[in-house]
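One structure is given here, and the rest of the page talks about it.
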Amino acid sequence: MRQILSLLLLVPLLGSCFVSRATVNEPLGSARLAKLEPGVTTAAEAVRWLGAPNEVVQLGRRSAYRFDAQANKRSGLWLVVVALFNDDTREDRIWTFFDENDVLTHVAATLTFDDARYGMPWNSIHDDEPNE
Amino acid sequence: MKGLALIVLFGLSLGCVSARWTRTSRFEPVSDELQEELAVGDDLTPWLERLGAPLWVWEYEGDGVALAYGWYQDQNWNVNVSVPVTNDASASFDYTQIDARMRGLVLFFDGDYRLRAWRQGLLTDITQGLRRRRPNWNEETG
């Protein structure tokens with residue numbers, strides 16, 4: 001009995017860890033981005049290909065639509081009294097700019113949904129990536 | 001004495017007192033080298049290609065546009081006197097508010113999509129005048 005009790009008291013002293021992944025929306029991807037053609041694509045076509053925009057901004061008589069998908073990866077480690085966490089979020093994000101006739105004039109895209117990574121606080125997990 | 005030591009040890013092991021090292025990374029920073037290449041009069045298109053999609057877009061002086069790029073890389077140590085039940089940070093990025101820790105770069109383009117100015121620093125500070133209620137556009141008055 002005493003041995004069992006001793007073992008039970010030792011359980012909280014053991015370390016533990018977790019990893020979790022959360023996503024918001026489907027990745028946009030380069031294939032759908034390639035369909036967007038300034039001077040040709042209309043707002044209706046952009047919405048058909050990319051889905052409902054997350055935000056629409058009015059720019060005078062013009063407008064801009066934001067489409068995005070997010071990936072978040074977390075990891076953690078508990079070592080008795082020390083807890084270590086890492087939290088990394090990356091996105092696919094596309095802004096489309098339309099003129100007063102709802103024809104596409106500009107596109108801006110950042111496709112990094114797949115770059116979210118697990119790590120520990122001391123890891124520089126994105127140091128190998130370029131800034132542009 | 002031995003019993004007290006055991007109780008203290010047990011309390012520590014349950015997480016009543018814990019040290020927490022957290023690293024949070026949101027998006028990629030715009031490099032200083034790239035920012036040094038900005039010049040008044042630059043066209044919007046090549047900068048969109050180089051910087052990618054901004055986090056926020058706002059109307060700027062009528063037909064103009066302001067683009068905000070933001071990021072933060074945060075590391076901190078905390079000593080908690082509590083039982084850590086969950087890690088309660090939000091998993092998704094919230095576009096409806098700007099995190100006070102977020103640094104960024106804002107580019108201001110005029111109605112011809114030519115670069116007029118840019119600012120860098122804490123996004124909450126440099127975007128205060130932009131994050132106002134958006135005006136309603138009236139078909140008749142423009």
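Chain lettering (A, B, ...) mirrors the order of the structure tokens, residue numbering begins at 1 for each chain separately, and ligand numbering begins at 1 in order of display.
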
Give me the residues near Gly51 in chain A as a list of chain:residue names, where near means some atom within 12 Å (using only C-alpha atoms) and where sequence neighbours in that chain fewer than 2 positions away do not count.
A:Asn25, A:Glu26, A:Pro27, A:Leu28, A:Arg32, A:Ala43, A:Ala44, A:Glu45, A:Ala46, A:Val47, A:Arg48, A:Trp49, A:Pro53, A:Asn54, A:Glu55, A:Tyr65, A:Arg66, A:Phe67, A:Asp68, A:Ala69, A:Ile94

For those residues, write C-alpha atoms to a file as an mmCIF file, in the first residue's frame.
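Result written to again.cif:
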```cif
data_model
loop_
_atom_site.group_PDB
_atom_site.id
_atom_site.type_symbol
_atom_site.label_atom_id
_atom_site.label_comp_id
_atom_site.auth_asym_id
_atom_site.auth_seq_id
_atom_site.Cartn_x
_atom_site.Cartn_y
_atom_site.Cartn_z
ATOM 1 C CA ASN A 25 -10.849 28.154 -43.842
ATOM 2 C CA GLU A 26 -9.441 26.066 -46.651
ATOM 3 C CA PRO A 27 -5.987 26.987 -48.001
ATOM 4 C CA LEU A 28 -6.314 29.300 -51.013
ATOM 5 C CA ARG A 32 -6.777 29.625 -57.716
ATOM 6 C CA ALA A 43 -15.341 40.752 -58.708
ATOM 7 C CA ALA A 44 -18.043 38.147 -59.331
ATOM 8 C CA GLU A 45 -15.503 35.760 -60.863
ATOM 9 C CA ALA A 46 -13.043 36.295 -58.009
ATOM 10 C CA VAL A 47 -15.726 35.429 -55.474
ATOM 11 C CA ARG A 48 -16.749 32.375 -57.491
ATOM 12 C CA TRP A 49 -13.166 31.055 -57.508
ATOM 13 C CA PRO A 53 -14.388 37.312 -48.985
ATOM 14 C CA ASN A 54 -13.547 37.769 -45.316
ATOM 15 C CA GLU A 55 -13.574 41.533 -45.725
ATOM 16 C CA TYR A 65 -11.618 42.177 -51.078
ATOM 17 C CA ARG A 66 -9.639 40.076 -48.608
ATOM 18 C CA PHE A 67 -9.627 36.282 -48.749
ATOM 19 C CA ASP A 68 -7.695 34.318 -46.145
ATOM 20 C CA ALA A 69 -7.074 30.971 -44.511
ATOM 21 C CA ILE A 94 -5.108 37.373 -51.026
#
```

Could you pull out the strand (DSSP E or B) residues of range 9-107 of chain A from DSSP and send them as a PyMOL selection string?
chain A and resi 16-24+42+55-59+62-79+82-98+103-107

Compile the contact shell of His126 in chain A as a list in words: residues with an atom at most 12 Å away, counting only C-alpha atoms, same-chain residues fewer than 2 positions apart removed.
Asp88, Thr89, Arg90, Thr112, Asp115, Ala116, Arg117, Tyr118, Gly119, Trp122, Asn123, Ser124, Asp128, Glu129, Pro130 and Asn131 of chain A; Thr24, Ser25, Arg26, Phe27, Glu28, Pro29 and Gln73 of chain B

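Nearest residue to chain B, choosing from A:Phe18, A:Phe98, A:Phe113, A:Phe85 and counting only C-alpha atoms: A:Phe85.
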
Considering only C-alpha atoms, give me a table of residues in chain A that are at most 6 Å from chain B, with the closest atom pair and distance in Å for each, as CSV.
```
residue,atom,partner,partner_atom,distance
A:Pro12,CA,B:Ser13,CA,5.6
A:Leu13,CA,B:Ser13,CA,5.4
A:Leu59,CA,B:Glu59,CA,4.8
A:Gly60,CA,B:Asp63,CA,4.7
A:Val80,CA,B:Ser13,CA,5.2
A:Val81,CA,B:Ser18,CA,4.4
A:Val82,CA,B:Ala19,CA,4.7
A:Ala83,CA,B:Arg20,CA,4.6
A:Leu84,CA,B:Trp21,CA,4.9
A:Phe85,CA,B:Thr22,CA,4.7
A:Asn86,CA,B:Arg23,CA,4.9
A:Asp87,CA,B:Thr24,CA,4.8
A:Asp88,CA,B:Ser25,CA,4.9
A:Thr89,CA,B:Arg26,CA,5.3
A:Arg90,CA,B:Phe27,CA,5.7
A:Ile94,CA,B:Ala53,CA,5.7
A:Trp95,CA,B:Ala53,CA,5.9
A:Ala108,CA,B:Ala53,CA,4.5
A:Ala109,CA,B:Ala53,CA,4.5
A:Thr110,CA,B:Gly52,CA,4.9
A:Pro121,CA,B:Arg23,CA,4.9
A:Asn131,CA,B:Ser31,CA,5.9
A:Glu132,CA,B:Arg50,CA,5.7
```

Serialized selection, N, CA and C atoms, as a PDB file, in the first residue's frame:
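The resulting file, out.pdb, is shown below:
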```
ATOM      1  N   PRO A  12       2.669  13.131 -10.553  1.00  0.00           N
ATOM      2  CA  PRO A  12       2.684  14.554 -10.945  1.00  0.00           C
ATOM      3  C   PRO A  12       4.070  15.080 -11.272  1.00  0.00           C
ATOM      4  N   LEU A  13       5.093  14.367 -10.861  1.00  0.00           N
ATOM      5  CA  LEU A  13       6.455  14.830 -11.146  1.00  0.00           C
ATOM      6  C   LEU A  13       6.905  14.506 -12.561  1.00  0.00           C
ATOM      7  N   LEU A  59     -12.889  51.835 -51.299  1.00  0.00           N
ATOM      8  CA  LEU A  59     -11.779  52.772 -51.524  1.00  0.00           C
ATOM      9  C   LEU A  59     -12.270  53.850 -52.483  1.00  0.00           C
ATOM     10  N   GLY A  60     -12.992  54.847 -51.968  1.00  0.00           N
ATOM     11  CA  GLY A  60     -13.637  55.820 -52.843  1.00  0.00           C
ATOM     12  C   GLY A  60     -14.678  55.092 -53.686  1.00  0.00           C
ATOM     13  N   VAL A  80       7.854  19.472 -14.730  1.00  0.00           N
ATOM     14  CA  VAL A  80       7.569  19.701 -13.318  1.00  0.00           C
ATOM     15  C   VAL A  80       7.128  21.147 -13.077  1.00  0.00           C
ATOM     16  N   VAL A  81       8.057  22.077 -12.914  1.00  0.00           N
ATOM     17  CA  VAL A  81       7.643  23.460 -12.641  1.00  0.00           C
ATOM     18  C   VAL A  81       7.961  24.398 -13.807  1.00  0.00           C
ATOM     19  N   VAL A  82       8.505  23.881 -14.846  1.00  0.00           N
ATOM     20  CA  VAL A  82       8.842  24.713 -16.005  1.00  0.00           C
ATOM     21  C   VAL A  82       7.957  24.310 -17.187  1.00  0.00           C
ATOM     22  N   ALA A  83       7.310  25.308 -17.793  1.00  0.00           N
ATOM     23  CA  ALA A  83       6.463  25.048 -18.946  1.00  0.00           C
ATOM     24  C   ALA A  83       7.011  25.805 -20.146  1.00  0.00           C
ATOM     25  N   LEU A  84       7.100  25.137 -21.272  1.00  0.00           N
ATOM     26  CA  LEU A  84       7.646  25.734 -22.492  1.00  0.00           C
ATOM     27  C   LEU A  84       6.591  25.651 -23.586  1.00  0.00           C
ATOM     28  N   PHE A  85       6.305  26.799 -24.222  1.00  0.00           N
ATOM     29  CA  PHE A  85       5.276  26.823 -25.260  1.00  0.00           C
ATOM     30  C   PHE A  85       5.800  27.510 -26.513  1.00  0.00           C
ATOM     31  N   ASN A  86       5.343  27.034 -27.639  1.00  0.00           N
ATOM     32  CA  ASN A  86       5.606  27.724 -28.906  1.00  0.00           C
ATOM     33  C   ASN A  86       4.301  27.805 -29.691  1.00  0.00           C
ATOM     34  N   ASP A  87       4.052  28.964 -30.279  1.00  0.00           N
ATOM     35  CA  ASP A  87       2.789  29.209 -30.969  1.00  0.00           C
ATOM     36  C   ASP A  87       3.110  29.894 -32.292  1.00  0.00           C
ATOM     37  N   ASP A  88       2.759  29.273 -33.387  1.00  0.00           N
ATOM     38  CA  ASP A  88       3.126  29.812 -34.698  1.00  0.00           C
ATOM     39  C   ASP A  88       1.899  29.890 -35.603  1.00  0.00           C
ATOM     40  N   THR A  89       1.653  31.055 -36.185  1.00  0.00           N
ATOM     41  CA  THR A  89       0.506  31.247 -37.078  1.00  0.00           C
ATOM     42  C   THR A  89       0.980  31.742 -38.432  1.00  0.00           C
ATOM     43  N   ARG A  90       0.504  31.138 -39.465  1.00  0.00           N
ATOM     44  CA  ARG A  90       0.792  31.575 -40.834  1.00  0.00           C
ATOM     45  C   ARG A  90      -0.505  31.535 -41.652  1.00  0.00           C
ATOM     46  N   ILE A  94      -5.069  36.714 -49.714  1.00  0.00           N
ATOM     47  CA  ILE A  94      -5.108  37.373 -51.026  1.00  0.00           C
ATOM     48  C   ILE A  94      -5.968  38.628 -50.915  1.00  0.00           C
ATOM     49  N   TRP A  95      -5.414  39.744 -51.358  1.00  0.00           N
ATOM     50  CA  TRP A  95      -6.208  40.968 -51.500  1.00  0.00           C
ATOM     51  C   TRP A  95      -6.398  41.228 -52.994  1.00  0.00           C
ATOM     52  N   ALA A 108      -2.668  41.067 -54.579  1.00  0.00           N
ATOM     53  CA  ALA A 108      -1.545  40.858 -53.654  1.00  0.00           C
ATOM     54  C   ALA A 108      -1.766  39.528 -52.956  1.00  0.00           C
ATOM     55  N   ALA A 109      -0.753  38.703 -52.930  1.00  0.00           N
ATOM     56  CA  ALA A 109      -0.929  37.365 -52.350  1.00  0.00           C
ATOM     57  C   ALA A 109       0.238  36.989 -51.448  1.00  0.00           C
ATOM     58  N   THR A 110      -0.097  36.385 -50.329  1.00  0.00           N
ATOM     59  CA  THR A 110       0.886  35.770 -49.438  1.00  0.00           C
ATOM     60  C   THR A 110       0.391  34.354 -49.164  1.00  0.00           C
ATOM     61  N   PRO A 121      10.512  27.130 -27.688  1.00  0.00           N
ATOM     62  CA  PRO A 121      10.784  28.572 -27.655  1.00  0.00           C
ATOM     63  C   PRO A 121      12.184  28.958 -28.113  1.00  0.00           C
ATOM     64  N   ASN A 131      12.505  37.226 -46.542  1.00  0.00           N
ATOM     65  CA  ASN A 131      11.533  38.231 -46.121  1.00  0.00           C
ATOM     66  C   ASN A 131      10.630  38.684 -47.241  1.00  0.00           C
ATOM     67  N   GLU A 132      11.004  38.403 -48.450  1.00  0.00           N
ATOM     68  CA  GLU A 132      10.116  38.809 -49.549  1.00  0.00           C
ATOM     69  C   GLU A 132       9.808  37.631 -50.420  1.00  0.00           C
TER      70      GLU A 132
END
```

What separation in Å, quoted to one decimal, exists between CA of Leu123 in chain B and CA of Thr96 in chain A?
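Going from CA of Leu123 in chain B over to CA of Thr96 in chain A, I get 22.2 Å.
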
To one decimal in Å, tell me the separation between CA of Ala52 in chain A and CA of Leu130 in chain B.
24.8 Å

By how many Å are CA of Arg119 in chain B and CA of Gln97 in chain B apart?
19.0 Å

Just the helix (DSSP H, G or I) stuff from range 39-125 of chain B, please, per backbone DSSP, written as an MDAnalysis selection string.
chainID B and resid 44:51 123:125
